[in-house]
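J.: Supplied structure: coords_21.txt, compact mmCIF, C-alpha atoms and all ligand atoms.
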# COMPACT_ATOMS: atom_id res chain seq x y z
CA MET A 1243 36.90 20.16 4.52
CA SER A 1244 33.46 18.95 5.48
CA THR A 1245 31.19 21.07 7.58
CA THR A 1246 30.84 20.33 11.26
CA ILE A 1247 27.30 20.99 12.36
CA HIS A 1248 25.80 20.28 15.77
CA LYS A 1249 22.14 20.10 16.73
CA LEU A 1250 21.20 21.82 19.98
CA ILE A 1251 17.79 20.89 21.36
CA ILE A 1252 16.14 23.78 23.16
CA PRO A 1253 12.87 23.52 25.13
CA THR A 1254 10.00 25.86 24.24
CA PRO A 1255 6.68 26.63 25.96
CA PHE A 1256 4.84 26.13 22.64
CA PRO A 1257 2.77 23.15 21.39
CA VAL A 1258 5.35 22.48 18.65
CA GLY A 1259 7.78 21.28 21.36
CA ASP A 1260 11.56 21.60 21.34
CA LEU A 1261 13.40 23.83 18.92
CA ASN A 1262 16.50 22.65 17.08
CA ALA A 1263 19.21 25.29 16.93
CA TYR A 1264 22.36 24.47 14.97
CA LEU A 1265 25.96 25.32 15.68
CA ILE A 1266 28.16 25.41 12.59
CA GLU A 1267 31.90 25.39 12.99
CA GLY A 1268 32.71 27.56 9.97
CA GLU A 1269 35.37 30.25 9.72
CA LYS A 1270 33.10 31.89 12.23
CA LEU A 1271 31.40 29.92 14.94
CA THR A 1272 27.79 30.44 13.90
CA LEU A 1273 24.57 29.70 15.68
CA ILE A 1274 21.51 29.21 13.47
CA ASP A 1275 18.38 30.13 15.43
CA ALA A 1276 18.47 30.52 19.18
CA GLY A 1277 15.38 29.51 21.17
CA PRO A 1278 12.59 31.26 23.05
CA LYS A 1279 13.35 33.82 25.72
CA THR A 1280 13.18 31.61 28.81
CA GLU A 1281 15.68 30.69 31.51
CA GLU A 1282 15.20 26.98 30.68
CA ALA A 1283 16.10 27.60 27.04
CA TRP A 1284 19.22 29.59 27.97
CA LYS A 1285 20.30 26.87 30.40
CA ALA A 1286 19.77 24.11 27.82
CA LEU A 1287 21.74 26.03 25.21
CA ASN A 1288 24.68 26.59 27.56
CA GLU A 1289 24.76 23.00 28.80
CA GLN A 1290 24.85 21.65 25.27
CA LEU A 1291 27.50 24.12 24.15
CA MET A 1292 29.61 23.10 27.12
CA LYS A 1293 29.39 19.42 26.15
CA LEU A 1294 30.79 20.40 22.76
CA GLY A 1295 33.63 22.33 24.39
CA PHE A 1296 32.21 25.80 23.76
CA GLN A 1297 30.47 28.49 25.70
CA ALA A 1298 27.95 31.12 24.65
CA GLY A 1299 30.69 33.77 24.58
CA ASP A 1300 32.47 31.84 21.79
CA ILE A 1301 29.59 32.32 19.35
CA GLU A 1302 30.70 34.87 16.75
CA GLN A 1303 27.46 35.38 14.88
CA ILE A 1304 23.84 34.26 14.84
CA ALA A 1305 21.71 33.73 11.75
CA VAL A 1306 17.94 33.34 12.01
CA THR A 1307 15.78 31.30 9.64
CA HIS A 1308 12.71 33.39 10.53
CA HIS A 1309 11.29 35.67 13.16
CA HIS A 1310 9.11 33.37 15.27
CA PRO A 1311 9.70 33.69 19.04
CA ASP A 1312 10.80 30.06 19.49
CA HIS A 1313 13.66 30.80 17.08
CA VAL A 1314 14.74 34.29 18.16
CA GLY A 1315 13.78 35.05 21.77
CA LEU A 1316 17.15 34.03 23.19
CA LEU A 1317 18.92 36.64 21.08
CA ASP A 1318 18.27 38.97 24.02
CA TYR A 1319 20.69 36.89 26.11
CA PHE A 1320 23.59 37.61 23.76
CA PRO A 1321 25.58 40.85 23.92
CA ASP A 1322 24.95 43.50 21.25
CA SER A 1323 28.43 42.86 19.89
CA VAL A 1324 27.29 39.51 18.42
CA PRO A 1325 26.00 40.15 14.88
CA VAL A 1326 22.50 38.94 14.06
CA ILE A 1327 21.90 38.00 10.42
CA GLY A 1328 18.60 37.35 8.65
CA HIS A 1329 16.21 38.31 5.87
CA ARG A 1330 15.22 41.96 6.14
CA TYR A 1331 11.54 41.17 6.78
CA ASN A 1332 12.52 39.82 10.19
CA ASP A 1333 13.73 43.15 11.46
CA VAL A 1334 10.37 44.72 12.43
CA TRP A 1335 9.47 41.56 14.33
CA LEU A 1336 12.79 41.31 16.15
CA GLN A 1337 12.59 44.97 17.12
CA GLN A 1338 8.88 44.74 17.94
CA ASP A 1339 8.57 47.92 15.92
CA SER A 1340 5.58 49.96 17.12
CA VAL A 1341 4.56 51.30 13.69
CA PHE A 1342 4.60 47.79 12.26
CA PHE A 1343 2.52 46.43 15.12
CA GLN A 1344 0.00 49.24 14.67
CA GLN A 1345 -0.35 48.11 11.05
CA TYR A 1346 -0.50 44.51 12.27
CA ASN A 1347 -3.53 45.34 14.45
CA GLU A 1348 -5.29 47.16 11.63
CA PHE A 1349 -4.53 44.32 9.22
CA PHE A 1350 -6.04 41.67 11.47
CA PHE A 1351 -9.05 43.80 12.46
CA ARG A 1352 -9.85 44.26 8.76
CA TRP A 1353 -9.28 40.65 7.74
CA PHE A 1354 -11.02 39.08 10.72
CA GLU A 1355 -14.14 40.96 9.70
CA ARG A 1356 -13.81 39.80 6.08
CA PHE A 1357 -13.33 36.21 7.27
CA GLY A 1358 -16.62 36.48 9.20
CA ILE A 1359 -15.13 35.94 12.67
CA PRO A 1360 -17.80 36.99 15.19
CA TYR A 1361 -15.51 37.64 18.19
CA PRO A 1362 -14.17 41.01 19.40
CA PRO A 1363 -11.08 41.61 17.25
CA GLN A 1364 -9.13 43.31 20.08
CA LEU A 1365 -9.23 40.11 22.11
CA LEU A 1366 -8.24 37.98 19.14
CA VAL A 1367 -5.28 40.14 18.27
CA LYS A 1368 -4.13 40.18 21.87
CA LYS A 1369 -4.19 36.39 21.91
CA LEU A 1370 -2.48 36.20 18.55
CA LYS A 1371 0.36 38.36 19.82
CA SER A 1372 0.84 36.55 23.13
CA PRO A 1373 3.78 34.38 21.89
CA MET A 1374 5.68 37.66 21.41
CA ASP A 1375 6.25 37.59 25.19
CA TYR A 1376 8.93 35.02 24.40
CA SER A 1377 10.51 37.05 21.61
CA CYS A 1378 13.39 39.52 21.69
CA HIS A 1379 14.11 43.20 21.24
CA ARG A 1380 17.02 43.12 18.81
CA SER A 1381 17.87 44.54 15.42
CA LEU A 1382 19.36 42.68 12.52
CA THR A 1383 22.99 43.62 12.12
CA LYS A 1384 23.09 42.36 8.57
CA THR A 1385 20.45 41.34 6.07
CA ILE A 1386 20.82 38.46 3.63
CA ALA A 1387 18.87 37.65 0.49
CA GLU A 1388 18.40 34.96 -2.14
CA GLY A 1389 21.64 33.51 -3.49
CA GLU A 1390 23.97 35.32 -1.12
CA GLN A 1391 26.73 33.60 0.78
CA VAL A 1392 26.79 34.02 4.51
CA ASP A 1393 29.99 35.67 5.74
CA GLY A 1394 32.07 33.29 7.79
CA LEU A 1395 30.15 30.27 6.52
CA GLU A 1396 31.85 29.29 3.32
CA GLY A 1397 29.74 27.22 0.96
CA TRP A 1398 26.41 28.13 2.56
CA ARG A 1399 24.00 30.06 0.40
CA VAL A 1400 20.68 31.72 1.21
CA LEU A 1401 17.41 30.40 -0.24
CA GLU A 1402 14.40 32.61 0.31
CA THR A 1403 11.53 30.30 1.23
CA PRO A 1404 8.51 32.41 2.26
CA GLY A 1405 5.21 30.91 3.40
CA HIS A 1406 5.56 29.80 7.01
CA ALA A 1407 6.92 33.31 7.59
CA GLN A 1408 7.38 36.09 5.05
CA GLY A 1409 11.06 36.44 5.90
CA HIS A 1410 11.78 32.70 6.05
CA ILE A 1411 15.10 31.53 4.65
CA CYS A 1412 16.98 28.26 4.44
CA LEU A 1413 20.74 27.86 4.24
CA TYR A 1414 21.91 25.47 1.55
CA HIS A 1415 25.30 23.84 1.13
CA GLU A 1416 25.27 22.54 -2.40
CA GLY A 1417 28.59 20.71 -2.23
CA GLU A 1418 27.54 18.69 0.79
CA GLU A 1419 23.85 18.53 -0.15
CA LEU A 1420 22.79 19.89 3.23
CA LEU A 1421 19.96 22.24 4.06
CA VAL A 1422 19.35 24.06 7.33
CA GLY A 1423 15.63 24.26 6.77
CA GLY A 1424 14.07 26.25 9.62
CA ASP A 1425 10.36 25.39 9.71
CA LEU A 1426 9.92 24.82 5.98
CA LEU A 1427 9.82 21.02 6.07
CA LEU A 1428 9.30 19.14 9.33
CA ALA A 1429 9.26 15.35 9.58
CA HIS A 1430 6.48 14.87 12.12
CA VAL A 1431 3.97 17.67 11.37
CA SER A 1432 3.02 19.83 8.43
CA SER A 1433 4.24 23.39 8.83
CA ASN A 1434 1.68 26.23 8.97
CA PRO A 1435 1.59 28.90 6.28
CA LEU A 1436 0.78 31.76 8.64
CA LEU A 1437 -1.14 34.93 7.90
CA GLU A 1438 1.05 37.99 8.14
CA PRO A 1439 0.53 41.66 7.38
CA PRO A 1440 2.28 42.91 4.25
CA GLN A 1441 5.75 44.46 4.61
CA GLU A 1442 7.34 47.54 2.99
CA ASN A 1443 7.17 46.55 -0.65
CA GLN A 1444 4.18 44.21 -0.45
CA THR A 1445 0.83 45.82 -1.16
CA GLU A 1446 -1.65 43.03 -0.55
CA ARG A 1447 -2.14 40.25 1.93
CA PRO A 1448 0.58 37.71 1.14
CA LYS A 1449 -0.95 34.39 0.08
CA SER A 1450 1.11 32.32 2.47
CA LEU A 1451 -0.02 28.84 1.40
CA LEU A 1452 0.71 29.51 -2.27
CA GLN A 1453 4.13 30.89 -1.33
CA TYR A 1454 4.73 27.94 0.94
CA ASN A 1455 3.94 25.42 -1.81
CA GLN A 1456 6.36 27.22 -4.12
CA SER A 1457 9.04 27.10 -1.44
CA LEU A 1458 8.52 23.36 -0.98
CA LYS A 1459 8.80 22.80 -4.74
CA LYS A 1460 11.92 24.93 -4.80
CA ILE A 1461 13.79 22.72 -2.33
CA SER A 1462 12.49 19.50 -3.85
CA GLU A 1463 14.28 20.41 -7.07
CA LEU A 1464 17.65 20.61 -5.31
CA CYS A 1465 20.06 17.84 -4.40
CA ILE A 1466 19.60 17.51 -0.66
CA SER A 1467 20.61 14.46 1.34
CA CYS A 1468 19.64 15.91 4.72
CA VAL A 1469 17.44 18.72 5.99
CA TYR A 1470 18.35 19.91 9.46
CA ALA A 1471 14.87 20.92 10.56
CA GLY A 1472 13.81 23.53 13.09
CA HIS A 1473 11.81 20.96 15.05
CA GLY A 1474 11.97 17.17 15.27
CA GLU A 1475 14.04 14.72 13.27
CA ASP A 1476 16.20 15.41 10.23
CA VAL A 1477 14.48 14.89 6.89
CA THR A 1478 16.29 12.69 4.39
CA ASP A 1479 13.62 11.90 1.79
CA VAL A 1480 12.93 15.50 0.78
CA ARG A 1481 11.15 14.80 -2.50
CA GLY A 1482 8.95 12.10 -0.99
CA LEU A 1483 7.92 14.25 1.96
CA VAL A 1484 7.30 17.35 -0.18
CA GLU A 1485 5.10 15.29 -2.49
CA HIS A 1486 3.21 13.91 0.49
CA ARG A 1487 2.69 17.36 2.03
CA LEU A 1488 1.47 18.85 -1.27
CA LYS A 1489 -0.91 15.95 -1.83
CA ARG A 1490 -2.42 16.27 1.66
CA GLN A 1491 -2.88 20.00 1.14
CA GLU A 1492 -4.67 19.44 -2.14
CA GLU A 1493 -6.95 16.86 -0.53
CA ARG A 1494 -7.83 19.33 2.20
CA ALA A 1495 -8.60 22.00 -0.40
CA TYR A 1496 -11.03 19.66 -2.14
CA THR A 1497 -12.71 18.88 1.19
CA VAL A 1498 -13.24 22.64 1.54
CA LEU A 1499 -14.58 22.84 -2.01
CA GLU A 1500 -17.17 20.15 -1.22
CA MET A 1501 -18.37 22.23 1.74
CA ILE A 1502 -18.68 25.38 -0.37
CA LYS A 1503 -20.59 23.46 -3.03
CA GLU A 1504 -23.32 22.80 -0.42
CA LYS A 1505 -23.68 26.52 0.24
CA PRO A 1506 -21.57 29.68 -0.01
CA MET A 1507 -19.52 30.15 3.15
CA THR A 1508 -17.16 32.49 4.93
CA VAL A 1509 -13.61 31.51 5.87
CA PHE A 1510 -14.67 31.28 9.51
CA GLU A 1511 -17.58 28.90 8.81
CA VAL A 1512 -15.26 26.55 6.95
CA CYS A 1513 -12.63 26.87 9.69
CA GLN A 1514 -15.17 25.73 12.30
CA ARG A 1515 -16.03 22.70 10.20
CA LEU A 1516 -12.42 21.77 9.44
CA PHE A 1517 -11.20 22.15 13.02
CA PRO A 1518 -14.27 21.72 15.28
CA SER A 1519 -12.33 20.84 18.41
CA VAL A 1520 -9.43 23.31 18.18
CA TYR A 1521 -10.55 26.36 16.21
CA GLU A 1522 -11.41 28.41 19.30
CA LYS A 1523 -8.20 27.63 21.15
CA GLN A 1524 -5.95 27.97 18.12
CA LEU A 1525 -7.79 30.48 15.96
CA GLY A 1526 -4.64 32.07 14.50
CA LEU A 1527 -3.28 28.75 13.21
CA THR A 1528 -6.60 27.33 12.04
CA ILE A 1529 -7.72 30.52 10.26
CA SER A 1530 -4.34 30.74 8.51
CA GLU A 1531 -4.68 27.14 7.40
CA THR A 1532 -8.27 27.67 6.19
CA VAL A 1533 -7.67 30.89 4.28
CA GLY A 1534 -4.75 29.12 2.61
CA GLN A 1535 -7.16 26.53 1.17
CA PHE A 1536 -9.42 29.34 -0.10
CA ASP A 1537 -6.43 31.05 -1.75
CA TYR A 1538 -5.48 27.76 -3.36
CA LEU A 1539 -9.00 27.06 -4.67
CA GLU A 1540 -9.29 30.62 -5.96
CA ALA A 1541 -5.91 30.34 -7.73
CA ILE A 1542 -7.01 27.18 -9.58
CA GLY A 1543 -10.36 28.77 -10.49
CA GLU A 1544 -12.62 26.55 -8.37
CA ILE A 1545 -14.21 29.28 -6.26
CA ARG A 1546 -15.11 32.92 -6.55
CA LEU A 1547 -15.62 35.65 -4.06
CA ASP A 1548 -18.50 37.97 -3.21
CA GLU A 1549 -17.03 41.06 -1.54
CA THR A 1550 -20.26 43.03 -1.24
CA ASN A 1551 -20.83 42.17 2.44
CA PRO A 1552 -18.48 43.17 5.29
CA TYR A 1553 -17.88 39.42 5.64
CA TRP A 1554 -16.79 37.82 2.39
CA LEU A 1555 -18.70 34.87 0.97
CA TYR A 1556 -17.08 32.28 -1.27
CA TYR A 1557 -19.00 30.42 -3.97
CA ALA A 1558 -18.08 27.31 -5.91
CA GLN A 1559 -17.65 28.06 -9.61
ZN ZN B 1 8.15 29.15 12.93
Could you express the structure from this file as structure tokens?
T.:
Amino acid sequence: MSTTIHKLIIPTPFPVGDLNAYLIEGEKLTLIDAGPKTEEAWKALNEQLMKLGFQAGDIEQIAVTHHHPDHVGLLDYFPDSVPVIGHRYNDVWLQQDSVFFQQYNEFFFRWFERFGIPYPPQLLVKKLKSPMDYSCHRSLTKTIAEGEQVDGLEGWRVLETPGHAQGHICLYHEGEELLVGGDLLLAHVSSNPLLEPPQENQTERPKSLLQYNQSLKKISELCISCVYAGHGEDVTDVRGLVEHRLKRQEERAYTVLEMIKEKPMTVFEVCQRLFPSVYEKQLGLTISETVGQFDYLEAIGEIRLDETNPYWLYYAQ
């Protein structure tokens, strides 16, 4: 029996545009990702379910690909009796756990200083957290990890694919060569490997871009005829697009290296040069992207770090 999977297009207030949620008619009627917590999103979800002959009350479980508000906010509209399934790292985000967010503040205060960002860190962190207004207050009912099958979704297996988010997963159906990909691989834009504070068993700042590249390579080695992406069109040429994304990233890293060869720089100085028109408005995204290039160059031995100042300076080797 082949899988029946429906794409539900949900509006979001974010620059990325609409979210794609997916309804899978498995043994359990399963929603993958939900949408942001807005009335418009809830209305769009219900209208599209109705066209398919369902209503929200028919959904038996919800799995999330990752914790970002555009994917999980609408969970608050579902009754507590509907199980929510995801990687365990999502839980503190979904709950908006106060201890975690205290650590989150401290993490960004510390790293913003190291990156050489000259603005008041309290303001930056407040701005960084503002999308959380569209998130939920829920707990995971069940956690899933690499290789596990999802209950009620026969044939679908979990792939851990960190980078865009630490708790990011994809669901893979090997027999049908299908991947529900979350935000790992999008057709129209490259996905951002976002900075995140470490979780329980992580001790250092996760190097999101390096993780993200590994996750891309991981899916490009699988047989996949279609990626149902979290935003935009389906992706059919997975290997081609992964190769393209990795190549563009490497090119950007070498652009950064050329800058550092002129003179040692902080992450923030390079960020300003890479994104002169948007770095102030989108500091979270652009700093994440920039520090990713530094992590990459450091990993391949092209740059080294001077940690003796409060702001860290990077030198070309
Ligand atoms: Zn996301």
J.: Write out as an NGL selection string each polymer residue (protein, DNA or RNA) that has an atom no more than 7 Å from ligand ZN 1 (chain B), with all atoms listed in the file counted.
T.: :A and (1308 or 1310 or 1406-1407 or 1425)
J.: Store the residues picked out above in a file with C-alpha atoms, as a tab-separated table (two decimals), keeping the file's coordinate frame.
T.:
chain	number	residue	atom	x	y	z
A	1308	HIS	CA	12.71	33.39	10.53
A	1310	HIS	CA	9.11	33.37	15.27
A	1406	HIS	CA	5.56	29.80	7.01
A	1407	ALA	CA	6.92	33.31	7.59
A	1425	ASP	CA	10.36	25.39	9.71
J.: Calculated over only C-alpha atoms, which of the candidates A:Val1512, A:Tyr1470, A:Leu1452, A:Phe1350 has the smallest distance to Leu1366 (chain A)?
T.: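 When distances to Leu1366 (chain A) are compared using only C-alpha atoms, the smallest one comes from A:Phe1350.
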J.: Kindly give the distance, in Å, that separates CA of Phe1357 (chain A) and CA of Leu1555 (chain A), rounded to a single decimal.
T.: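 About the pair CA of Phe1357 (chain A) and CA of Leu1555 (chain A): they are 8.4 Å apart.
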J.: Hey, can you check how far CA of Trp1398 (chain A) sits from CA of Ser1450 (chain A)?
T.: 25.6 Å
J.: Tell me, as a list in words, which residues lie within 9 Å of Val1326 (chain A), counting all atoms listed in the file; anything in the same chain fewer than 4 positions away does not count.
T.: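 Here the answer would be Gln1303, Ile1304, Ala1305, Val1306, Leu1317, Asp1322, Arg1380, Ser1381, Leu1382, Thr1383, Lys1384 and Thr1385 of chain A.
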J.: Which of these, A:Tyr1361, A:Tyr1454, A:Tyr1376, A:Phe1351, has the shortest distance to Gly1405 (chain A) once you count only C-alpha atoms?
T.: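 Looking at the shortest contact to Gly1405 (chain A), the residue is A:Tyr1454.
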J.: Point out the residue among A:Arg1515, A:His1430, A:His1309, A:Arg1481 with the least atom-to-atom distance to Pro1278 (chain A), counting all atoms listed in the file.
T.: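 For Pro1278 (chain A), the nearest of the candidates is A:His1309.
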J.: Tell me, in Å to one decimal, how far CA of Leu1291 (chain A) is from CA of Ser1377 (chain A).
T.: 21.5 Å
J.: Looking at only C-alpha atoms, which of A:Asn1332, A:Gln1441, A:Gln1364, A:Ser1457 is the one that sits closest to Glu1348 (chain A)?
T.: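 Closest residue, counting only C-alpha atoms: A:Gln1364.
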